[in-house]
>>> print(open('work.cif').read())   # mmCIF, C-alpha atoms
data_structure
loop_
_atom_site.group_PDB
_atom_site.id
_atom_site.type_symbol
_atom_site.label_atom_id
_atom_site.label_comp_id
_atom_site.auth_asym_id
_atom_site.auth_seq_id
_atom_site.Cartn_x
_atom_site.Cartn_y
_atom_site.Cartn_z
ATOM 1 C CA MET A 1418 0.000 0.000 0.000
ATOM 2 C CA ALA A 1419 1.444 3.341 -1.040
ATOM 3 C CA LEU A 1420 1.614 6.062 1.562
ATOM 4 C CA HIS A 1421 0.211 9.410 0.494
ATOM 5 C CA PHE A 1422 0.748 12.711 2.274
ATOM 6 C CA THR A 1423 -1.364 14.966 0.073
ATOM 7 C CA ASP A 1424 -2.425 18.057 2.041
ATOM 8 C CA LYS A 1425 -0.178 17.048 4.947
ATOM 9 C CA VAL A 1426 2.620 19.184 6.357
ATOM 10 C CA ALA A 1427 5.725 17.787 8.023
ATOM 11 C CA VAL A 1428 8.572 19.387 9.918
ATOM 12 C CA ILE A 1429 11.749 17.345 10.072
ATOM 13 C CA SER A 1430 14.756 18.262 12.184
ATOM 14 C CA GLY A 1431 18.152 17.182 10.924
ATOM 15 C CA ALA A 1432 16.771 17.114 7.378
ATOM 16 C CA GLY A 1433 19.849 18.522 5.680
ATOM 17 C CA SER A 1434 21.438 15.082 5.367
ATOM 18 C CA GLY A 1435 21.076 11.378 6.069
ATOM 19 C CA ILE A 1436 17.832 9.943 7.403
ATOM 20 C CA GLY A 1437 16.199 13.367 7.736
ATOM 21 C CA ARG A 1438 16.982 14.312 4.145
ATOM 22 C CA ALA A 1439 15.688 10.988 2.829
ATOM 23 C CA THR A 1440 12.522 11.354 4.898
ATOM 24 C CA ALA A 1441 11.906 14.901 3.676
ATOM 25 C CA ILE A 1442 12.339 13.886 0.036
ATOM 26 C CA GLY A 1443 10.141 10.803 0.498
ATOM 27 C CA LEU A 1444 7.318 12.771 2.116
ATOM 28 C CA ALA A 1445 7.469 15.397 -0.612
ATOM 29 C CA GLN A 1446 7.417 12.732 -3.329
ATOM 30 C CA ARG A 1447 4.219 11.439 -1.754
ATOM 31 C CA GLY A 1448 2.536 14.848 -1.858
ATOM 32 C CA GLY A 1449 3.448 16.356 1.505
ATOM 33 C CA ALA A 1450 4.759 19.841 2.159
ATOM 34 C CA VAL A 1451 7.977 19.773 4.158
ATOM 35 C CA ALA A 1452 9.771 22.149 6.501
ATOM 36 C CA VAL A 1453 13.408 21.084 6.180
ATOM 37 C CA ALA A 1454 15.137 22.066 9.416
ATOM 38 C CA ASP A 1455 18.841 21.668 10.095
ATOM 39 C CA VAL A 1456 21.597 23.326 12.100
ATOM 40 C CA ASN A 1457 23.429 23.602 8.774
ATOM 41 C CA ALA A 1458 21.432 26.246 6.896
ATOM 42 C CA GLU A 1459 23.109 25.449 3.567
ATOM 43 C CA ALA A 1460 22.270 21.743 3.863
ATOM 44 C CA ALA A 1461 18.646 22.563 4.696
ATOM 45 C CA GLU A 1462 18.497 24.888 1.700
ATOM 46 C CA ARG A 1463 19.950 22.215 -0.626
ATOM 47 C CA THR A 1464 17.362 19.657 0.468
ATOM 48 C CA ALA A 1465 14.495 22.145 0.127
ATOM 49 C CA LYS A 1466 15.690 23.205 -3.345
ATOM 50 C CA GLU A 1467 15.962 19.576 -4.440
ATOM 51 C CA ILE A 1468 12.374 18.981 -3.323
ATOM 52 C CA ALA A 1469 11.167 22.128 -5.112
ATOM 53 C CA ALA A 1470 13.069 21.217 -8.294
ATOM 54 C CA ALA A 1471 11.195 17.896 -8.347
ATOM 55 C CA GLY A 1472 7.861 19.716 -8.075
ATOM 56 C CA GLY A 1473 7.395 19.436 -4.305
ATOM 57 C CA ARG A 1474 6.741 22.057 -1.660
ATOM 58 C CA ALA A 1475 9.433 22.758 0.920
ATOM 59 C CA ILE A 1476 10.978 25.502 2.983
ATOM 60 C CA ALA A 1477 14.408 25.521 4.589
ATOM 61 C CA ILE A 1478 14.780 26.478 8.231
ATOM 62 C CA ALA A 1479 18.070 26.984 10.039
ATOM 63 C CA ALA A 1480 17.479 25.524 13.495
ATOM 64 C CA ASP A 1481 19.888 24.535 16.227
ATOM 65 C CA MET A 1482 17.952 22.056 18.356
ATOM 66 C CA ALA A 1483 20.147 22.969 21.334
ATOM 67 C CA ARG A 1484 18.388 26.356 21.344
ATOM 68 C CA PRO A 1485 14.748 26.445 22.530
ATOM 69 C CA ALA A 1486 14.199 29.714 20.622
ATOM 70 C CA ASP A 1487 15.149 27.939 17.380
ATOM 71 C CA ILE A 1488 12.645 25.174 18.123
ATOM 72 C CA GLU A 1489 9.900 27.737 18.642
ATOM 73 C CA ALA A 1490 10.875 29.569 15.446
ATOM 74 C CA MET A 1491 10.971 26.283 13.471
ATOM 75 C CA VAL A 1492 7.404 25.423 14.432
ATOM 76 C CA ALA A 1493 6.190 29.012 13.926
ATOM 77 C CA ARG A 1494 7.772 29.228 10.453
ATOM 78 C CA THR A 1495 6.211 25.920 9.462
ATOM 79 C CA LEU A 1496 2.766 27.099 10.547
ATOM 80 C CA ASP A 1497 3.243 30.481 8.855
ATOM 81 C CA ALA A 1498 4.306 28.870 5.586
ATOM 82 C CA PHE A 1499 1.794 26.030 5.398
ATOM 83 C CA GLY A 1500 -0.986 26.819 7.880
ATOM 84 C CA ARG A 1501 -0.857 23.481 9.663
ATOM 85 C CA LEU A 1502 1.452 20.774 10.985
ATOM 86 C CA ASP A 1503 0.542 17.102 10.635
ATOM 87 C CA VAL A 1504 3.852 15.283 11.014
ATOM 88 C CA LEU A 1505 6.827 15.909 13.274
ATOM 89 C CA HIS A 1506 10.007 13.907 12.795
ATOM 90 C CA ASN A 1507 12.491 14.517 15.614
ATOM 91 C CA ASN A 1508 15.607 13.360 13.841
ATOM 92 C CA ALA A 1509 18.356 15.862 14.626
ATOM 93 C CA PHE A 1510 21.406 14.706 16.467
ATOM 94 C CA GLY A 1511 25.056 15.455 16.097
ATOM 95 C CA VAL A 1512 28.109 16.271 18.110
ATOM 96 C CA PRO A 1513 29.747 19.583 17.180
ATOM 97 C CA ALA A 1514 33.292 19.485 15.857
ATOM 98 C CA SER A 1515 34.541 21.127 19.048
ATOM 99 C CA LEU A 1516 33.413 18.067 21.044
ATOM 100 C CA GLN A 1517 34.283 15.295 18.569
ATOM 101 C CA GLY A 1518 37.575 14.440 20.275
ATOM 102 C CA ALA A 1519 35.844 13.915 23.619
ATOM 103 C CA ARG A 1520 32.833 12.017 22.268
ATOM 104 C CA LEU A 1521 34.166 8.530 22.969
ATOM 105 C CA ALA A 1522 35.008 7.906 26.617
ATOM 106 C CA ARG A 1523 34.488 5.403 29.371
ATOM 107 C CA VAL A 1524 31.927 6.352 32.011
ATOM 108 C CA ASP A 1525 34.568 7.559 34.445
ATOM 109 C CA ALA A 1526 35.932 9.959 31.854
ATOM 110 C CA ILE A 1527 32.763 11.346 30.214
ATOM 111 C CA ASP A 1528 33.247 14.954 29.207
ATOM 112 C CA GLN A 1529 30.489 17.013 30.832
ATOM 113 C CA ALA A 1530 30.040 19.143 27.700
ATOM 114 C CA VAL A 1531 29.498 15.994 25.592
ATOM 115 C CA TRP A 1532 26.974 14.654 28.116
ATOM 116 C CA ASP A 1533 25.101 17.972 28.280
ATOM 117 C CA HIS A 1534 25.025 18.468 24.505
ATOM 118 C CA THR A 1535 23.936 14.883 23.854
ATOM 119 C CA LEU A 1536 21.011 15.130 26.249
ATOM 120 C CA GLN A 1537 20.050 18.656 25.127
ATOM 121 C CA VAL A 1538 19.914 17.918 21.403
ATOM 122 C CA GLY A 1539 18.920 14.265 21.522
ATOM 123 C CA LEU A 1540 16.372 14.283 24.342
ATOM 124 C CA THR A 1541 15.452 17.705 25.731
ATOM 125 C CA ALA A 1542 14.877 19.128 22.241
ATOM 126 C CA VAL A 1543 12.609 16.176 21.457
ATOM 127 C CA MET A 1544 10.495 17.017 24.514
ATOM 128 C CA GLN A 1545 10.503 20.744 23.725
ATOM 129 C CA THR A 1546 9.431 20.188 20.139
ATOM 130 C CA ILE A 1547 6.707 17.718 21.074
ATOM 131 C CA ARG A 1548 5.478 20.062 23.803
ATOM 132 C CA ARG A 1549 5.161 22.792 21.160
ATOM 133 C CA VAL A 1550 3.414 20.744 18.438
ATOM 134 C CA VAL A 1551 0.956 18.674 20.494
ATOM 135 C CA PRO A 1552 -1.470 21.599 21.060
ATOM 136 C CA VAL A 1553 -1.391 22.351 17.310
ATOM 137 C CA MET A 1554 -2.064 18.725 16.394
ATOM 138 C CA ARG A 1555 -4.750 18.411 19.064
ATOM 139 C CA GLN A 1556 -6.561 21.447 17.659
ATOM 140 C CA GLN A 1557 -6.340 19.985 14.131
ATOM 141 C CA GLY A 1558 -7.788 16.673 15.308
ATOM 142 C CA GLY A 1559 -4.604 14.583 15.230
ATOM 143 C CA GLY A 1560 -1.148 14.077 13.842
ATOM 144 C CA ALA A 1561 1.887 11.841 13.838
ATOM 145 C CA ILE A 1562 5.159 12.185 15.717
ATOM 146 C CA VAL A 1563 8.196 10.080 14.876
ATOM 147 C CA ASN A 1564 11.343 10.128 16.996
ATOM 148 C CA THR A 1565 14.594 8.694 15.684
ATOM 149 C CA ALA A 1566 15.897 6.256 18.274
ATOM 150 C CA SER A 1567 18.635 3.650 17.945
ATOM 151 C CA ILE A 1568 19.434 0.078 18.807
ATOM 152 C CA SER A 1569 21.912 1.773 21.148
ATOM 153 C CA GLY A 1570 18.913 2.742 23.275
ATOM 154 C CA LEU A 1571 18.285 -0.931 23.986
ATOM 155 C CA TYR A 1572 21.828 -2.230 24.398
ATOM 156 C CA ALA A 1573 25.071 -0.921 25.845
ATOM 157 C CA ASP A 1574 27.903 0.219 23.594
ATOM 158 C CA TYR A 1575 31.415 0.685 24.905
ATOM 159 C CA GLY A 1576 32.487 4.308 25.191
ATOM 160 C CA ILE A 1577 29.245 6.104 24.276
ATOM 161 C CA ALA A 1578 27.282 6.121 27.523
ATOM 162 C CA ALA A 1579 25.733 9.535 26.892
ATOM 163 C CA TYR A 1580 24.387 8.429 23.505
ATOM 164 C CA ASN A 1581 23.092 5.133 24.951
ATOM 165 C CA ALA A 1582 21.353 6.889 27.835
ATOM 166 C CA MET A 1583 19.829 9.511 25.558
ATOM 167 C CA LYS A 1584 18.444 7.019 23.033
ATOM 168 C CA ALA A 1585 17.028 4.815 25.821
ATOM 169 C CA ALA A 1586 15.243 7.866 27.197
ATOM 170 C CA VAL A 1587 13.890 8.759 23.731
ATOM 171 C CA ILE A 1588 12.412 5.269 23.410
ATOM 172 C CA ASN A 1589 10.591 5.450 26.735
ATOM 173 C CA PHE A 1590 9.570 9.092 26.287
ATOM 174 C CA THR A 1591 8.019 8.060 22.969
ATOM 175 C CA ARG A 1592 5.928 5.479 24.837
ATOM 176 C CA VAL A 1593 4.729 8.129 27.292
ATOM 177 C CA VAL A 1594 3.751 10.527 24.495
ATOM 178 C CA ALA A 1595 1.944 7.726 22.648
ATOM 179 C CA VAL A 1596 -0.115 6.814 25.713
ATOM 180 C CA GLU A 1597 -0.938 10.396 26.668
ATOM 181 C CA CYS A 1598 -1.700 11.695 23.165
ATOM 182 C CA ALA A 1599 -3.600 8.751 21.667
ATOM 183 C CA PRO A 1600 -6.982 10.079 22.868
ATOM 184 C CA ASP A 1601 -6.275 13.249 20.835
ATOM 185 C CA GLY A 1602 -5.653 11.277 17.631
ATOM 186 C CA ILE A 1603 -1.893 11.871 17.852
ATOM 187 C CA ARG A 1604 0.332 8.869 17.175
ATOM 188 C CA CYS A 1605 3.870 8.778 18.483
ATOM 189 C CA ASN A 1606 6.405 6.153 17.415
ATOM 190 C CA CYS A 1607 10.146 5.815 17.251
ATOM 191 C CA ILE A 1608 12.295 4.261 14.617
#
>>> encode(input="work.cif", output="structure tokens")
Amino acid sequence: MALHFTDKVAVISGAGSGIGRATAIGLAQRGGAVAVADVNAEAAERTAKEIAAAGGRAIAIAADMARPADIEAMVARTLDAFGRLDVLHNNAFGVPASLQGARLARVDAIDQAVWDHTLQVGLTAVMQTIRRVVPVMRQQGGGAIVNTASISGLYADYGIAAYNAMKAAVINFTRVVAVECAPDGIRCNCI
């Protein structure tokens, strides 16, 4: 069965590359309008232009998910551009170049900045974005939220405790959102 997103609007964080980019293109190919959000403004713009060149509807949004103001602006710009928001894909995650060298460490040597950034972008931003879009989706009569998780949220990996802890929390937070928002017609799943 083919999935169609005609008249649906999605906002996808981390959509300038990888899974987010592929998701944005796929939704647009199936008729959806897409807000392509990424910390890398040029990457977001490239993805949005590629969608537009193929006949789809997309806008690019520069958004650093570590900044609550950027999350608010991302949702506001999506609503301003398309008038609604039906799909949220919380996909953004990355470690800035300044922290790359400290990313891998045993638990007794975890760099506090790596821990803080990992939880802020990978978990707290997920909560902040969901908190912002649920009232919109509730008013519209429903919606769908997808959070990118990882097998690392179910099993331990050597040297990446912050990532493991964050992805485990995303998985269980997804369950909580699904239970609480189901009566409003809002689905929440993680991949």
>>> resolve_selection(input="work.cif", expression="the PyMOL selection byres ((chain A and resi 1606) around 6)", output="NGL selection string")
:A and (1563 or 1605 or 1607)
>>> closest_residue(input="work.cif", among="A:Phe1499, A:Leu1540, A:Gly1559, A:Leu1444", to="Thr1591 in chain A", atoms="only C-alpha atoms")
A:Leu1540
>>> resolve_selection(input="work.cif", expression="the PyMOL selection byres ((chain A and resi 1435) around 12)", output="list in words")
Ile1429, Ser1430, Gly1431, Ala1432, Gly1433, Ser1434, Ile1436, Gly1437, Arg1438, Ala1439, Thr1440, Ala1441, Ile1442, Asp1455, Ala1460, Ala1461, Thr1464, Asn1508, Ala1509, Phe1510, Gly1511 and Thr1565 of chain A
>>> atom_distance(input="work.cif", atom1="CA of Asn1589 in chain A", atom2="CA of Thr1541 in chain A")
13.2 Å
>>> residues_near_point(input="work.cif", point="(-7.8, 16.6, 17.9)", cutoff="8 Å", atoms="all atoms listed in the file", output="JSON, numbers by chain")
{"A": [1554, 1555, 1556, 1557, 1558, 1559, 1601, 1602, 1603]}
>>> write_last_selection(input="work.cif", atoms="C-alpha atoms", output="PDB file, in the coordinates of the input")
ATOM      1  CA  MET A1554      -2.064  18.725  16.394  1.00  0.00           C
ATOM      2  CA  ARG A1555      -4.750  18.411  19.064  1.00  0.00           C
ATOM      3  CA  GLN A1556      -6.561  21.447  17.659  1.00  0.00           C
ATOM      4  CA  GLN A1557      -6.340  19.985  14.131  1.00  0.00           C
ATOM      5  CA  GLY A1558      -7.788  16.673  15.308  1.00  0.00           C
ATOM      6  CA  GLY A1559      -4.604  14.583  15.230  1.00  0.00           C
ATOM      7  CA  ASP A1601      -6.275  13.249  20.835  1.00  0.00           C
ATOM      8  CA  GLY A1602      -5.653  11.277  17.631  1.00  0.00           C
ATOM      9  CA  ILE A1603      -1.893  11.871  17.852  1.00  0.00           C
TER      10      ILE A1603
END
>>> resolve_selection(input="work.cif", expression="the PyMOL selection byres ((chain A and resi 1424) around 12)", output="PyMOL selection string")
chain A and resi 1421-1423+1425-1427+1444-1445+1447-1451+1473-1474+1499-1504
>>> closest_residue(input="work.cif", among="A:Val1531, A:Val1550, A:Ala1452, A:Val1596", to="Ala1465 in chain A", atoms="only C-alpha atoms")
A:Ala1452
>>> closest_residue(input="work.cif", among="A:Leu1420, A:Val1456, A:Leu1571, A:Ile1562", to="Asp1487 in chain A", atoms="only C-alpha atoms")
A:Val1456
>>> closest_residue(input="work.cif", among="A:Ala1595, A:Val1428, A:Ala1579, A:Ala1477", to="Trp1532 in chain A", atoms="all atoms listed in the file")
A:Ala1579
>>> residues_around(input="work.cif", residues="Ile1577 in chain A", least_positions_apart="4", cutoff="7 Å", atoms="all atoms listed in the file", output="PyMOL selection string")
chain A and resi 1521-1522+1581
>>> atom_distance(input="work.cif", atom1="CA of Ile1527 in chain A", atom2="CA of Ala1483 in chain A")
19.3 Å
>>> closest_residue(input="work.cif", among="A:Ile1588, A:Arg1549, A:Gln1446, A:Val1524", to="Tyr1575 in chain A", atoms="only C-alpha atoms")
A:Val1524
>>> residues_around(input="work.cif", residues="Gln1545 in chain A", least_positions_apart="3", cutoff="12 Å", atoms="all atoms listed in the file", output="mmCIF file with C-alpha atoms, in the coordinates of the input")
data_model
loop_
_atom_site.group_PDB
_atom_site.id
_atom_site.type_symbol
_atom_site.label_atom_id
_atom_site.label_comp_id
_atom_site.auth_asym_id
_atom_site.auth_seq_id
_atom_site.Cartn_x
_atom_site.Cartn_y
_atom_site.Cartn_z
ATOM 1 C CA MET A 1482 17.952 22.056 18.356
ATOM 2 C CA ALA A 1483 20.147 22.969 21.334
ATOM 3 C CA ARG A 1484 18.388 26.356 21.344
ATOM 4 C CA PRO A 1485 14.748 26.445 22.530
ATOM 5 C CA ALA A 1486 14.199 29.714 20.622
ATOM 6 C CA ASP A 1487 15.149 27.939 17.380
ATOM 7 C CA ILE A 1488 12.645 25.174 18.123
ATOM 8 C CA GLU A 1489 9.900 27.737 18.642
ATOM 9 C CA MET A 1491 10.971 26.283 13.471
ATOM 10 C CA VAL A 1492 7.404 25.423 14.432
ATOM 11 C CA ASN A 1507 12.491 14.517 15.614
ATOM 12 C CA GLN A 1537 20.050 18.656 25.127
ATOM 13 C CA VAL A 1538 19.914 17.918 21.403
ATOM 14 C CA GLY A 1539 18.920 14.265 21.522
ATOM 15 C CA LEU A 1540 16.372 14.283 24.342
ATOM 16 C CA THR A 1541 15.452 17.705 25.731
ATOM 17 C CA ALA A 1542 14.877 19.128 22.241
ATOM 18 C CA ARG A 1548 5.478 20.062 23.803
ATOM 19 C CA ARG A 1549 5.161 22.792 21.160
ATOM 20 C CA VAL A 1550 3.414 20.744 18.438
ATOM 21 C CA VAL A 1551 0.956 18.674 20.494
ATOM 22 C CA PHE A 1590 9.570 9.092 26.287
#
